[in-house]
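Here is the file entry_2.cif (mmCIF, C-alpha atoms; chains and numbers go by the auth columns).
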```cif
data_structure
loop_
_atom_site.group_PDB
_atom_site.id
_atom_site.type_symbol
_atom_site.label_atom_id
_atom_site.label_comp_id
_atom_site.label_asym_id
_atom_site.label_seq_id
_atom_site.Cartn_x
_atom_site.Cartn_y
_atom_site.Cartn_z
_atom_site.B_iso_or_equiv
_atom_site.auth_seq_id
_atom_site.auth_asym_id
ATOM 1 C CA MET A 1 30.433 100.576 47.796 0.00 1 C
ATOM 2 C CA PRO A 2 30.128 104.145 46.344 0.00 2 C
ATOM 3 C CA GLY A 3 28.243 104.592 43.081 0.00 3 C
ATOM 4 C CA ARG A 4 25.820 101.801 43.821 0.00 4 C
ATOM 5 C CA PRO A 5 22.164 102.987 43.821 0.00 5 C
ATOM 6 C CA ALA A 6 21.446 101.304 47.168 0.00 6 C
ATOM 7 C CA ALA A 7 24.591 102.573 48.930 0.00 7 C
ATOM 8 C CA PRO A 8 22.775 105.321 50.927 0.00 8 C
ATOM 9 C CA ALA A 9 20.076 102.849 51.930 0.00 9 C
ATOM 10 C CA ASP A 10 22.736 100.418 53.164 0.00 10 C
ATOM 11 C CA GLN A 11 24.106 103.107 55.463 0.00 11 C
ATOM 12 C CA THR A 12 20.785 103.746 57.225 0.00 12 C
ATOM 13 C CA GLY A 13 21.111 100.698 59.447 0.00 13 C
ATOM 14 C CA GLY A 14 17.803 99.243 58.289 0.00 14 C
ATOM 15 C CA PRO A 15 16.598 95.728 59.043 0.00 15 C
ATOM 16 C CA ALA A 16 19.011 92.838 58.901 0.00 16 C
ATOM 17 C CA PRO A 17 18.992 90.878 55.627 0.00 17 C
ATOM 18 C CA GLY A 18 15.998 88.563 55.493 0.00 18 C
ATOM 19 C CA ARG A 19 14.064 90.669 58.016 0.00 19 C
ATOM 20 C CA GLU A 20 12.613 93.239 55.633 0.00 20 C
ATOM 21 C CA PRO A 21 8.898 93.952 55.960 0.00 21 C
ATOM 22 C CA PRO A 22 6.788 91.782 53.631 0.00 22 C
ATOM 23 C CA TRP A 23 5.410 94.806 51.757 0.00 23 C
ATOM 24 C CA LEU A 24 8.930 95.634 50.585 0.00 24 C
ATOM 25 C CA TYR A 25 9.206 92.547 48.353 0.00 25 C
ATOM 26 C CA TRP A 26 9.333 94.605 45.131 0.00 26 C
ATOM 27 C CA LEU A 27 12.149 96.955 46.154 0.00 27 C
ATOM 28 C CA ASP A 28 15.203 94.985 45.116 0.00 28 C
ATOM 29 C CA GLU A 29 18.586 96.122 43.765 0.00 29 C
ATOM 30 C CA ALA A 30 17.277 96.218 40.169 0.00 30 C
ATOM 31 C CA GLU A 31 14.289 98.345 41.172 0.00 31 C
ATOM 32 C CA LEU A 32 16.491 100.793 43.079 0.00 32 C
ATOM 33 C CA ALA A 33 18.793 101.114 40.073 0.00 33 C
ATOM 34 C CA ALA A 34 15.824 101.707 37.760 0.00 34 C
ATOM 35 C CA LEU A 35 14.310 104.296 40.108 0.00 35 C
ATOM 36 C CA THR A 36 17.649 106.085 40.145 0.00 36 C
ATOM 37 C CA GLY A 37 17.792 105.950 36.332 0.00 37 C
ATOM 38 C CA ARG A 38 14.270 107.300 36.003 0.00 38 C
ATOM 39 C CA THR A 39 15.164 110.198 38.284 0.00 39 C
ATOM 40 C CA LEU A 40 18.292 110.940 36.259 0.00 40 C
ATOM 41 C CA VAL A 41 16.243 111.073 33.033 0.00 41 C
ATOM 42 C CA ALA A 42 13.781 113.444 34.714 0.00 42 C
ATOM 43 C CA LEU A 43 16.752 115.610 35.744 0.00 43 C
ATOM 44 C CA GLY A 44 18.108 115.636 32.174 0.00 44 C
ATOM 45 C CA ARG A 45 21.117 113.406 32.883 0.00 45 C
ATOM 46 C CA PRO A 46 20.496 110.547 30.442 0.00 46 C
ATOM 47 C CA GLY A 47 24.125 109.426 30.112 0.00 47 C
ATOM 48 C CA ALA A 48 24.157 108.176 33.686 0.00 48 C
ATOM 49 C CA ALA A 49 20.562 106.900 33.459 0.00 49 C
ATOM 50 C CA VAL A 50 20.768 104.576 30.447 0.00 50 C
ATOM 51 C CA PRO A 51 22.948 101.863 32.050 0.00 51 C
ATOM 52 C CA LEU A 52 20.762 101.867 35.173 0.00 52 C
ATOM 53 C CA LEU A 53 17.487 101.525 33.245 0.00 53 C
ATOM 54 C CA GLY A 54 18.649 98.884 30.747 0.00 54 C
ATOM 55 C CA PRO A 55 18.343 95.774 32.954 0.00 55 C
ATOM 56 C CA ALA A 56 14.843 96.669 34.194 0.00 56 C
ATOM 57 C CA ALA A 57 13.682 97.479 30.657 0.00 57 C
ATOM 58 C CA ARG A 58 14.901 94.089 29.421 0.00 58 C
ATOM 59 C CA GLY A 59 13.294 92.069 32.239 0.00 59 C
ATOM 60 C CA ARG A 60 10.743 90.066 30.272 0.00 60 C
ATOM 61 C CA ASP A 61 9.741 88.125 33.401 0.00 61 C
ATOM 62 C CA ARG A 62 8.181 91.348 34.772 0.00 62 C
ATOM 63 C CA PRO A 63 6.413 92.968 31.807 0.00 63 C
ATOM 64 C CA ARG A 64 4.906 95.916 33.693 0.00 64 C
ATOM 65 C CA ARG A 65 8.287 96.937 35.106 0.00 65 C
ATOM 66 C CA ALA A 66 9.932 96.389 31.712 0.00 66 C
ATOM 67 C CA ALA A 67 7.298 98.556 30.010 0.00 67 C
ATOM 68 C CA VAL A 68 7.435 101.418 32.524 0.00 68 C
ATOM 69 C CA TYR A 69 11.220 101.572 32.669 0.00 69 C
ATOM 70 C CA GLY A 70 11.462 100.914 28.933 0.00 70 C
ATOM 71 C CA GLY A 71 9.504 104.139 28.458 0.00 71 C
ATOM 72 C CA TRP A 72 11.965 105.986 30.675 0.00 72 C
ATOM 73 C CA LEU A 73 14.901 104.396 28.856 0.00 73 C
ATOM 74 C CA ALA A 74 13.449 105.489 25.512 0.00 74 C
ATOM 75 C CA ARG A 75 13.129 109.029 26.863 0.00 75 C
ATOM 76 C CA GLY A 76 16.763 108.871 27.942 0.00 76 C
ATOM 77 C CA TYR A 77 17.825 107.815 24.458 0.00 77 C
ATOM 78 C CA LEU A 78 15.800 110.699 23.014 0.00 78 C
ATOM 79 C CA GLN A 79 17.599 113.120 25.316 0.00 79 C
ATOM 80 C CA LEU A 80 20.878 111.713 23.992 0.00 80 C
ATOM 81 C CA GLY A 81 19.652 112.290 20.424 0.00 81 C
ATOM 82 C CA GLU A 82 19.452 108.564 19.645 0.00 82 C
ATOM 83 C CA VAL A 83 16.049 108.437 17.970 0.00 83 C
ATOM 84 C CA ALA A 84 16.444 104.961 16.464 0.00 84 C
ATOM 85 C CA GLY A 85 17.540 103.523 19.823 0.00 85 C
ATOM 86 C CA ALA A 86 14.650 105.240 21.570 0.00 86 C
ATOM 87 C CA CYS A 87 12.158 103.815 19.086 0.00 87 C
ATOM 88 C CA ALA A 88 13.584 100.299 19.338 0.00 88 C
ATOM 89 C CA VAL A 89 13.360 100.345 23.137 0.00 89 C
ATOM 90 C CA ALA A 90 9.879 101.893 23.037 0.00 90 C
ATOM 91 C CA GLY A 91 8.690 99.193 20.619 0.00 91 C
ATOM 92 C CA GLU A 92 9.846 96.420 22.969 0.00 92 C
ATOM 93 C CA ALA A 93 8.304 98.245 25.918 0.00 93 C
ATOM 94 C CA LEU A 94 5.019 98.568 24.032 0.00 94 C
ATOM 95 C CA LEU A 95 4.832 94.783 23.685 0.00 95 C
ATOM 96 C CA ASP A 96 5.439 94.505 27.433 0.00 96 C
ATOM 97 C CA ALA A 97 2.683 97.078 28.047 0.00 97 C
ATOM 98 C CA VAL A 98 0.258 94.929 26.066 0.00 98 C
ATOM 99 C CA ARG A 99 1.375 91.835 28.039 0.00 99 C
ATOM 100 C CA SER A 100 0.967 93.574 31.389 0.00 100 C
ATOM 101 C CA GLY A 101 -2.254 95.457 30.677 0.00 101 C
ATOM 102 C CA SER A 102 -0.919 98.407 32.683 0.00 102 C
ATOM 103 C CA PRO A 103 -2.327 101.884 31.991 0.00 103 C
ATOM 104 C CA ARG A 104 0.711 103.397 33.738 0.00 104 C
ATOM 105 C CA ALA A 105 3.047 101.615 31.339 0.00 105 C
ATOM 106 C CA VAL A 106 1.017 102.798 28.359 0.00 106 C
ATOM 107 C CA GLY A 107 1.154 106.327 29.720 0.00 107 C
ATOM 108 C CA GLN A 108 4.959 106.224 29.636 0.00 108 C
ATOM 109 C CA LEU A 109 4.945 105.088 26.029 0.00 109 C
ATOM 110 C CA THR A 110 2.386 107.673 25.024 0.00 110 C
ATOM 111 C CA GLU A 111 4.757 110.281 26.437 0.00 111 C
ATOM 112 C CA VAL A 112 7.531 108.833 24.249 0.00 112 C
ATOM 113 C CA ARG A 113 5.235 109.152 21.225 0.00 113 C
ATOM 114 C CA ARG A 114 4.520 112.777 22.151 0.00 114 C
ATOM 115 C CA ARG A 115 8.248 113.522 22.318 0.00 115 C
ATOM 116 C CA LEU A 116 8.827 111.789 18.977 0.00 116 C
ATOM 117 C CA VAL A 117 6.643 114.337 17.187 0.00 117 C
ATOM 118 C CA ALA A 118 9.754 116.484 16.766 0.00 118 C
ATOM 119 C CA HIS A 119 11.319 113.563 14.844 0.00 119 C
ATOM 120 C CA ARG A 120 8.267 112.526 12.812 0.00 120 C
ATOM 121 C CA ASP A 121 10.228 112.544 9.549 0.00 121 C
ATOM 122 C CA GLU A 122 12.638 109.861 10.754 0.00 122 C
ATOM 123 C CA PRO A 123 11.817 106.300 9.665 0.00 123 C
ATOM 124 C CA ALA A 124 12.212 104.858 13.188 0.00 124 C
ATOM 125 C CA ALA A 125 9.717 107.385 14.584 0.00 125 C
ATOM 126 C CA ARG A 126 7.214 106.550 11.832 0.00 126 C
ATOM 127 C CA ARG A 127 7.628 102.813 12.530 0.00 127 C
ATOM 128 C CA TYR A 128 7.018 103.345 16.248 0.00 128 C
ATOM 129 C CA ALA A 129 3.917 105.462 15.546 0.00 129 C
ATOM 130 C CA GLY A 130 2.598 102.661 13.336 0.00 130 C
ATOM 131 C CA LEU A 131 3.327 100.032 15.976 0.00 131 C
ATOM 132 C CA LEU A 132 1.557 102.091 18.626 0.00 132 C
ATOM 133 C CA ALA A 133 -1.466 102.534 16.344 0.00 133 C
ATOM 134 C CA ALA A 134 -1.562 98.790 15.624 0.00 134 C
ATOM 135 C CA ALA A 135 -1.328 97.949 19.331 0.00 135 C
ATOM 136 C CA ARG A 136 -4.081 100.381 20.371 0.00 136 C
ATOM 137 C CA PRO A 137 -6.902 97.748 20.324 0.00 137 C
ATOM 138 C CA TYR A 138 -4.880 95.588 22.725 0.00 138 C
ATOM 139 C CA LEU A 139 -4.085 98.324 25.240 0.00 139 C
ATOM 140 C CA PRO A 140 -5.942 98.557 28.539 0.00 140 C
ATOM 141 C CA VAL A 141 -9.163 100.515 28.788 0.00 141 C
ATOM 142 C CA GLY A 142 -8.629 104.064 29.994 0.00 142 C
ATOM 143 C CA ALA A 143 -4.933 104.110 29.128 0.00 143 C
ATOM 144 C CA ALA A 144 -3.575 107.226 27.512 0.00 144 C
ATOM 145 C CA GLY A 145 -4.047 106.762 23.806 0.00 145 C
ATOM 146 C CA GLY A 146 -5.845 103.422 24.239 0.00 146 C
ATOM 147 C CA PRO A 147 -9.497 102.434 23.892 0.00 147 C
ATOM 148 C CA GLY A 148 -11.714 104.497 26.131 0.00 148 C
ATOM 149 C CA ALA A 149 -8.973 107.090 26.676 0.00 149 C
ATOM 150 C CA ALA A 150 -9.708 110.455 28.277 0.00 150 C
ATOM 151 C CA GLY A 151 -10.623 108.862 31.573 0.00 151 C
ATOM 152 C CA SER A 152 -13.418 106.613 30.334 0.00 152 C
ATOM 153 C CA ARG A 153 -13.532 103.161 31.880 0.00 153 C
ATOM 154 C CA ARG A 154 -16.121 101.987 29.355 0.00 154 C
ATOM 155 C CA PRO A 155 -14.794 100.332 26.224 0.00 155 C
ATOM 156 C CA PRO A 156 -15.769 101.969 22.955 0.00 156 C
ATOM 157 C CA SER A 157 -18.103 100.193 20.585 0.00 157 C
ATOM 158 C CA ASN A 158 -15.972 98.376 18.099 0.00 158 C
ATOM 159 C CA PRO A 159 -17.763 95.945 15.804 0.00 159 C
ATOM 160 C CA ARG A 160 -14.453 94.500 14.611 0.00 160 C
ATOM 161 C CA HIS A 161 -13.661 93.339 18.146 0.00 161 C
ATOM 162 C CA GLY A 162 -17.196 92.554 19.240 0.00 162 C
ATOM 163 C CA GLY A 163 -17.426 95.825 21.188 0.00 163 C
ATOM 164 C CA THR A 164 -15.289 94.506 24.044 0.00 164 C
ATOM 165 C CA THR A 165 -11.874 95.052 25.399 0.00 165 C
ATOM 166 C CA ARG A 166 -10.292 93.501 28.422 0.00 166 C
ATOM 167 C CA SER A 167 -10.491 95.349 31.693 0.00 167 C
ATOM 168 C CA ALA A 168 -7.705 97.559 32.936 0.00 168 C
ATOM 169 C CA GLY A 169 -5.190 96.154 35.378 0.00 169 C
ATOM 170 C CA THR A 170 -4.227 97.757 38.643 0.00 170 C
ATOM 171 C CA GLY A 171 -1.626 99.626 36.963 0.00 171 C
#
```

Could you write out this structure as structure tokens?
Amino acid sequence: MPGRPAAPADQTGGPAPGREPPWLYWLDEAELAALTGRTLVALGRPGAAVPLLGPAARGRDRPRRAAVYGGWLARGYLQLGEVAGACAVAGEALLDAVRSGSPRAVGQLTEVRRRLVAHRDEPAARRYAGLLAAARPYLPVGAAGGPGAAGSRRPPSNPRHGGTTRSAGTG
């Protein structure tokens, strides 16, 4: 079936269905589509990427995946010039990043914030910046822009939160 993200993989003659190696559990059709979408965003082809990233970014049952691919989807929307759409997706992905505790997911969303600087006068960009600032105490230690950023694994002293933050996930 041409146009399907997994089509080349189907043609390799890999293992029969149900006989995949156990370590391959995470690489399903949705993940392959999202990986393809992420690559298309990196290549500057957001029009083709957005429909591939959407399902993974909306998968609330897997918050880390939703946060990481939500960051890529937001970047795709920014490339298309859709700042409000990018901010809406990034806001949802930020909530998933808090749920997952993933520094990698937070890194994606910090990159979105960096790219939004060019649009800082737009209301959606200001709302996202405020949401990111409000979420900062709940982000994993060592995450870009989170408590203990710049590589530190030690939480900062914060009397308001008792000087503790939860530990970083695997990420």

Q) Pick from C:Leu131, C:Ala34, C:Val106, C:Val83: nearest to C:His119, with only C-alpha atoms counted? A) C:Val83

Q. Atom CA of C:Ala30 to atom CA of C:Ala124: how many Å, to one decimal?
A. 28.8 Å

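Interatomic distance, atom CA of C:Asp28 to atom CA of C:Gly54: 15.3 Å.
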
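Note that atom CA of C:Leu35 and atom CA of C:Ala48 are 12.4 Å apart.
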
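In terms of minimum interatomic distance to C:Arg75, C:Cys87 ranks closest within C:Ala134, C:Ala33, C:Cys87, C:Leu52, counting only C-alpha atoms.
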
(Q) Since I can't run it myself right now, could you work out what the PyMOL selection byres ((chain C and resi 127) around 12) selects here and report it as a PyMOL selection string? (A) chain C and resi 83-84+86-88+90-91+113+116+119-126+128-134

Q. Can you tell me, as number ranges by chain, which residues sit within 10 Å of (3.8, 95.9, 26.9) in the file's frame, using only C-alpha atoms?
A. C: 60, 63-68, 70, 90-103, 105-106, 109, 135, 138-139

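The protein and nucleic acid residues lying at most 8 Å from C:Trp72 are Arg38, Val41, Leu53, Val68, Tyr69, Arg75, Gly76 and Gln108 of chain C, with all atoms listed in the file considered and sequence neighbours fewer than 3 positions away removed.
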